[in-house]
$ cat coords-v8.cif   # mmCIF, C-alpha atoms and all ligand atoms
data_query
loop_
_atom_site.group_PDB
_atom_site.id
_atom_site.type_symbol
_atom_site.label_atom_id
_atom_site.label_comp_id
_atom_site.auth_asym_id
_atom_site.auth_seq_id
_atom_site.Cartn_x
_atom_site.Cartn_y
_atom_site.Cartn_z
ATOM 1 C CA MET A 1 11.618 5.735 6.586
ATOM 2 C CA THR A 2 8.967 5.260 3.922
ATOM 3 C CA GLY A 3 5.314 6.190 3.421
ATOM 4 C CA LEU A 4 3.076 3.372 2.281
ATOM 5 C CA GLY A 5 -0.121 1.478 2.912
ATOM 6 C CA TYR A 6 -2.645 3.919 1.420
ATOM 7 C CA ASN A 7 -5.106 1.127 0.620
ATOM 8 C CA GLY A 8 -6.211 2.601 -2.709
ATOM 9 C CA ARG A 9 -6.777 6.107 -1.331
ATOM 10 C CA GLY A 10 -3.308 7.512 -1.728
ATOM 11 C CA VAL A 11 -3.770 10.512 -4.028
ATOM 12 C CA ALA A 12 -4.426 12.905 -1.145
ATOM 13 C CA ILE A 13 -2.738 10.919 1.643
ATOM 14 C CA ALA A 14 0.489 10.270 -0.318
ATOM 15 C CA THR A 15 0.719 13.998 -1.023
ATOM 16 C CA ALA A 16 0.369 14.796 2.690
ATOM 17 C CA MET A 17 2.818 11.975 3.456
ATOM 18 C CA GLY A 18 5.357 13.591 1.111
ATOM 19 C CA ARG A 19 5.202 16.753 3.211
ATOM 20 C CA ALA A 20 5.638 14.723 6.431
ATOM 21 C CA LEU A 21 8.604 12.806 4.971
ATOM 22 C CA ALA A 22 10.190 16.100 3.896
ATOM 23 C CA LYS A 23 9.808 17.404 7.458
ATOM 24 C CA TRP A 24 11.429 14.242 8.806
ATOM 25 C CA ALA A 25 14.270 14.488 6.271
ATOM 26 C CA THR A 26 14.942 18.071 7.364
ATOM 27 C CA GLY A 27 15.106 17.313 11.077
ATOM 28 C CA THR A 28 11.584 17.073 12.541
ATOM 29 C CA LYS A 29 11.424 14.239 15.075
ATOM 30 C CA ALA A 30 9.394 11.176 14.062
ATOM 31 C CA ASP A 31 6.991 11.576 17.009
ATOM 32 C CA GLU A 32 6.190 15.151 15.920
ATOM 33 C CA LEU A 33 4.980 14.153 12.423
ATOM 34 C CA GLU A 34 1.299 14.073 11.382
ATOM 35 C CA PHE A 35 1.516 10.341 10.696
ATOM 36 C CA PRO A 36 2.465 7.595 13.156
ATOM 37 C CA VAL A 37 5.832 5.945 12.592
ATOM 38 C CA THR A 38 5.478 2.201 13.119
ATOM 39 C CA PRO A 39 7.616 -0.830 12.300
ATOM 40 C CA LEU A 40 6.649 -2.976 9.337
ATOM 41 C CA LYS A 41 4.745 -6.089 10.339
ATOM 42 C CA PRO A 42 4.660 -9.117 8.058
ATOM 43 C CA LEU A 43 1.221 -10.120 6.803
ATOM 44 C CA PRO A 44 0.091 -13.410 8.319
ATOM 45 C CA PHE A 45 0.517 -16.311 5.891
ATOM 46 C CA SER A 46 2.287 -14.086 3.342
ATOM 47 C CA PHE A 47 4.631 -17.011 2.624
ATOM 48 C CA ALA A 48 1.611 -18.816 1.107
ATOM 49 C CA LYS A 49 0.293 -15.768 -0.795
ATOM 50 C CA GLU A 50 0.780 -17.119 -4.339
ATOM 51 C CA THR A 51 -0.681 -20.526 -3.519
ATOM 52 C CA LEU A 52 -3.698 -18.961 -1.770
ATOM 53 C CA VAL A 53 -4.331 -16.555 -4.655
ATOM 54 C CA GLU A 54 -4.096 -19.399 -7.193
ATOM 55 C CA ALA A 55 -6.479 -21.523 -5.092
ATOM 56 C CA GLU A 56 -8.967 -18.631 -4.898
ATOM 57 C CA ILE A 57 -8.782 -18.053 -8.674
ATOM 58 C CA LEU A 58 -9.421 -21.782 -9.237
ATOM 59 C CA ARG A 59 -12.352 -21.705 -6.781
ATOM 60 C CA LEU A 60 -13.914 -18.739 -8.602
ATOM 61 C CA LYS A 61 -13.379 -20.390 -12.013
ATOM 62 C CA ILE A 62 -15.182 -23.498 -10.766
ATOM 63 C CA LEU A 63 -18.056 -21.353 -9.444
ATOM 64 C CA ASP A 64 -18.210 -19.612 -12.858
ATOM 65 C CA LYS A 65 -18.353 -22.984 -14.673
ATOM 66 C CA LEU A 66 -21.139 -24.087 -12.357
ATOM 67 C CA GLY A 67 -22.983 -20.823 -12.986
ATOM 68 C CA LEU A 68 -22.978 -19.946 -9.298
HETATM 69 C C1 LIG A 101 -6.067 1.484 -10.504
HETATM 70 C C2 LIG A 101 -5.833 2.399 -9.328
HETATM 71 C C3 LIG A 101 -6.828 3.267 -8.930
HETATM 72 C C4 LIG A 101 -6.635 4.120 -7.865
HETATM 73 N N1 LIG A 101 -7.632 4.983 -7.498
HETATM 74 C C5 LIG A 101 -7.444 5.833 -6.507
HETATM 75 C C6 LIG A 101 -8.463 6.777 -6.162
HETATM 76 O O1 LIG A 101 -9.548 6.821 -6.752
HETATM 77 N N2 LIG A 101 -8.229 7.616 -5.129
HETATM 78 C C7 LIG A 101 -7.062 7.608 -4.438
HETATM 79 O O2 LIG A 101 -6.886 8.433 -3.524
HETATM 80 N N3 LIG A 101 -6.070 6.726 -4.732
HETATM 81 C C8 LIG A 101 -6.234 5.848 -5.759
HETATM 82 N N4 LIG A 101 -5.252 4.958 -6.081
HETATM 83 C C9 LIG A 101 -4.022 4.900 -5.270
HETATM 84 C C10 LIG A 101 -3.063 6.041 -5.643
HETATM 85 O O3 LIG A 101 -2.866 6.040 -7.048
HETATM 86 C C11 LIG A 101 -1.736 5.766 -4.921
HETATM 87 O O4 LIG A 101 -1.975 5.520 -3.545
HETATM 88 C C12 LIG A 101 -0.822 6.952 -5.058
HETATM 89 O O5 LIG A 101 -0.610 7.225 -6.423
HETATM 90 C C13 LIG A 101 0.497 6.659 -4.374
HETATM 91 O O6 LIG A 101 1.334 7.766 -4.633
HETATM 92 P P1 LIG A 101 2.886 7.612 -4.546
HETATM 93 O O7 LIG A 101 3.433 8.970 -4.898
HETATM 94 O O8 LIG A 101 3.275 7.024 -3.223
HETATM 95 O O9 LIG A 101 3.297 6.530 -5.644
HETATM 96 P P2 LIG A 101 3.103 6.569 -7.234
HETATM 97 O O10 LIG A 101 1.961 7.457 -7.637
HETATM 98 O O11 LIG A 101 3.066 5.135 -7.650
HETATM 99 O O12 LIG A 101 4.434 7.256 -7.742
HETATM 100 C C14 LIG A 101 5.680 6.595 -7.712
HETATM 101 C C15 LIG A 101 6.491 7.171 -8.871
HETATM 102 O O13 LIG A 101 7.847 6.712 -8.747
HETATM 103 C C16 LIG A 101 8.280 6.329 -10.019
HETATM 104 N N5 LIG A 101 9.386 5.385 -9.809
HETATM 105 C C17 LIG A 101 9.313 4.105 -9.367
HETATM 106 N N6 LIG A 101 10.554 3.570 -9.306
HETATM 107 C C18 LIG A 101 11.396 4.529 -9.709
HETATM 108 C C19 LIG A 101 12.810 4.587 -9.873
HETATM 109 N N7 LIG A 101 13.604 3.563 -9.585
HETATM 110 N N8 LIG A 101 13.346 5.730 -10.319
HETATM 111 C C20 LIG A 101 12.556 6.809 -10.613
HETATM 112 N N9 LIG A 101 11.208 6.816 -10.476
HETATM 113 C C21 LIG A 101 10.650 5.688 -10.033
HETATM 114 C C22 LIG A 101 7.061 5.716 -10.697
HETATM 115 O O14 LIG A 101 7.208 5.724 -12.100
HETATM 116 C C23 LIG A 101 5.970 6.685 -10.232
HETATM 117 O O15 LIG A 101 5.847 7.803 -11.087
HETATM 118 C C24 LIG A 101 -5.409 4.091 -7.157
HETATM 119 C C25 LIG A 101 -4.399 3.225 -7.568
HETATM 120 C C26 LIG A 101 -4.603 2.384 -8.639
HETATM 121 C C27 LIG A 101 -3.497 1.451 -9.075
#
$ encode --input "coords-v8.cif" --output "structure tokens" --more "lines below"
Ligand SMILES: Cc1cc2nc3c(=O)[nH]c(=O)nc-3n(C[C@H](O)[C@H](O)[C@H](O)COP(=O)(O)OP(=O)(O)OC[C@H]3O[C@@H](n4cnc5c(N)ncnc54)[C@H](O)[C@@H]3O)c2cc1C
Amino acid sequence: MTGLGYNGRGVAIATAMGRALAKWATGTKADELEFPVTPLKPLPFSFAKETLVEAEILRLKILDKLGL
């Protein structure tokens, strides 16, 4: 089990998650924790992530050159 996905707001949540993970590691059942336990789901189109990011950077560079 792992705690992740704080979306840039993890200072408080990751601390609370640490407590929940410690409870799980010492025998508390997953469905009794403060956080939901869910399977990891792949992001759609993650296989094309690098290409999409490079295309977006190029698009923004072109907009910059055009002064838009
Ligand atoms: C630029 C930036 C700004 C942010 N601003 C905010 C904010 O304003 N508010 C907010 O709530 N959250 C913010 N966050 C998010 C927040 O920092 C994280 O969600 C939070 O720190 C996650 O805590 P963590 O303990 O899970 O991981 P981390 O804080 O990343 O701690 C993981 C630790 O494990 C260590 N480690 C990694 N691998 C190993 C290894 N193999 N052996 C030993 N040690 C290892 C690392 O060195 C690190 O110390 C920000 C993040 C970034 C990058």
$ resolve_selection --input "coords-v8.cif" --expression "the PyMOL selection byres (((chain A and resi 2) around 12) and not hetatm)" --output "list in words"
Met1, Gly3, Leu4, Gly5, Tyr6, Ala14, Met17, Gly18, Ala20, Leu21, Ala22, Trp24, Ala25, Ala30, Phe35, Pro36, Val37, Thr38, Pro39 and Leu40 of chain A
$ residues_near_ligand --input "coords-v8.cif" --ligand "ligand LIG 101 (chain A)" --cutoff "6 Å" --atoms "only C-alpha atoms and all ligand atoms" --output "tab-separated table (two decimals) with C-alpha atoms, in the frame of the given file"
chain	number	residue	atom	x	y	z
A	6	TYR	CA	-2.64	3.92	1.42
A	8	GLY	CA	-6.21	2.60	-2.71
A	9	ARG	CA	-6.78	6.11	-1.33
A	10	GLY	CA	-3.31	7.51	-1.73
A	11	VAL	CA	-3.77	10.51	-4.03
A	12	ALA	CA	-4.43	12.90	-1.14
A	14	ALA	CA	0.49	10.27	-0.32
$ axis_aligned_box --input "coords-v8.cif" --around "range 18-35 of chain A" --padding-each-side "4 Å" --output "lines of an AutoDock Vina configuration file"
center_x = 8.2
center_y = 14.2
center_z = 9.1
size_x = 21.8
size_y = 15.7
size_z = 23.9
$ atom_distance --input "coords-v8.cif" --atom1 "CA of Glu34 in chain A" --atom2 "CA of Ile13 in chain A"
11.0 Å
$ atom_distance --input "coords-v8.cif" --atom1 "CA of Glu32 in chain A" --atom2 "CA of Ala16 in chain A"
14.5 Å
$ atom_distance --input "coords-v8.cif" --atom1 "CA of Ser46 in chain A" --atom2 "CA of Leu63 in chain A"
25.1 Å
$ closest_residue --input "coords-v8.cif" --among "A:Leu52, A:Asn7, A:Leu33, A:Phe45" --to "Arg19 in chain A" --atoms "all atoms listed in the file"
A:Leu33
$ build_atoms --input "coords-v8.cif" --residues "range 45-68 of chain A" --atoms "N, CA and C atoms" --output "JSON list (two decimals), keeping the file's coordinate frame"
[["chain", "number", "residue", "atom", "x", "y", "z"],
["A", 45, "PHE", "N", 0.59, -15.35, 7.01],
["A", 45, "PHE", "CA", 0.52, -16.31, 5.89],
["A", 45, "PHE", "C", 1.02, -15.74, 4.57],
["A", 46, "SER", "N", 1.82, -14.66, 4.61],
["A", 46, "SER", "CA", 2.29, -14.09, 3.34],
["A", 46, "SER", "C", 3.16, -15.08, 2.58],
["A", 47, "PHE", "N", 3.79, -16.00, 3.30],
["A", 47, "PHE", "CA", 4.63, -17.01, 2.62],
["A", 47, "PHE", "C", 3.80, -17.87, 1.67],
["A", 48, "ALA", "N", 2.48, -17.96, 1.93],
["A", 48, "ALA", "CA", 1.61, -18.82, 1.11],
["A", 48, "ALA", "C", 0.76, -17.99, 0.14],
["A", 49, "LYS", "N", 1.12, -16.69, -0.02],
["A", 49, "LYS", "CA", 0.29, -15.77, -0.80],
["A", 49, "LYS", "C", -0.03, -16.31, -2.20],
["A", 50, "GLU", "N", 1.02, -16.70, -2.95],
["A", 50, "GLU", "CA", 0.78, -17.12, -4.34],
["A", 50, "GLU", "C", -0.11, -18.35, -4.40],
["A", 51, "THR", "N", 0.13, -19.31, -3.52],
["A", 51, "THR", "CA", -0.68, -20.53, -3.52],
["A", 51, "THR", "C", -2.13, -20.20, -3.18],
["A", 52, "LEU", "N", -2.33, -19.33, -2.17],
["A", 52, "LEU", "CA", -3.70, -18.96, -1.77],
["A", 52, "LEU", "C", -4.42, -18.21, -2.88],
["A", 53, "VAL", "N", -3.70, -17.31, -3.56],
["A", 53, "VAL", "CA", -4.33, -16.56, -4.66],
["A", 53, "VAL", "C", -4.70, -17.51, -5.79],
["A", 54, "GLU", "N", -3.79, -18.44, -6.13],
["A", 54, "GLU", "CA", -4.10, -19.40, -7.19],
["A", 54, "GLU", "C", -5.28, -20.28, -6.81],
["A", 55, "ALA", "N", -5.35, -20.70, -5.55],
["A", 55, "ALA", "CA", -6.48, -21.52, -5.09],
["A", 55, "ALA", "C", -7.79, -20.74, -5.18],
["A", 56, "GLU", "N", -7.76, -19.45, -4.83],
["A", 56, "GLU", "CA", -8.97, -18.63, -4.90],
["A", 56, "GLU", "C", -9.41, -18.42, -6.35],
["A", 57, "ILE", "N", -8.44, -18.21, -7.25],
["A", 57, "ILE", "CA", -8.78, -18.05, -8.67],
["A", 57, "ILE", "C", -9.42, -19.34, -9.18],
["A", 58, "LEU", "N", -8.86, -20.49, -8.82],
["A", 58, "LEU", "CA", -9.42, -21.78, -9.24],
["A", 58, "LEU", "C", -10.84, -21.95, -8.69],
["A", 59, "ARG", "N", -11.02, -21.59, -7.40],
["A", 59, "ARG", "CA", -12.35, -21.70, -6.78],
["A", 59, "ARG", "C", -13.38, -20.86, -7.54],
["A", 60, "LEU", "N", -12.99, -19.62, -7.89],
["A", 60, "LEU", "CA", -13.91, -18.74, -8.60],
["A", 60, "LEU", "C", -14.19, -19.24, -10.02],
["A", 61, "LYS", "N", -13.16, -19.82, -10.68],
["A", 61, "LYS", "CA", -13.38, -20.39, -12.01],
["A", 61, "LYS", "C", -14.38, -21.54, -11.95],
["A", 62, "ILE", "N", -14.25, -22.37, -10.93],
["A", 62, "ILE", "CA", -15.18, -23.50, -10.77],
["A", 62, "ILE", "C", -16.60, -22.98, -10.53],
["A", 63, "LEU", "N", -16.73, -21.95, -9.68],
["A", 63, "LEU", "CA", -18.06, -21.35, -9.44],
["A", 63, "LEU", "C", -18.63, -20.78, -10.74],
["A", 64, "ASP", "N", -17.76, -20.15, -11.56],
["A", 64, "ASP", "CA", -18.21, -19.61, -12.86],
["A", 64, "ASP", "C", -18.73, -20.74, -13.75],
["A", 65, "LYS", "N", -17.96, -21.84, -13.82],
["A", 65, "LYS", "CA", -18.35, -22.98, -14.67],
["A", 65, "LYS", "C", -19.70, -23.56, -14.22],
["A", 66, "LEU", "N", -19.90, -23.55, -12.90],
["A", 66, "LEU", "CA", -21.14, -24.09, -12.36],
["A", 66, "LEU", "C", -22.29, -23.07, -12.44],
["A", 67, "GLY", "N", -21.96, -21.87, -12.87],
["A", 67, "GLY", "CA", -22.98, -20.82, -12.99],
["A", 67, "GLY", "C", -23.44, -20.29, -11.65],
["A", 68, "LEU", "N", -22.60, -20.41, -10.65],
["A", 68, "LEU", "CA", -22.98, -19.95, -9.30],
["A", 68, "LEU", "C", -22.41, -18.55, -9.00]]
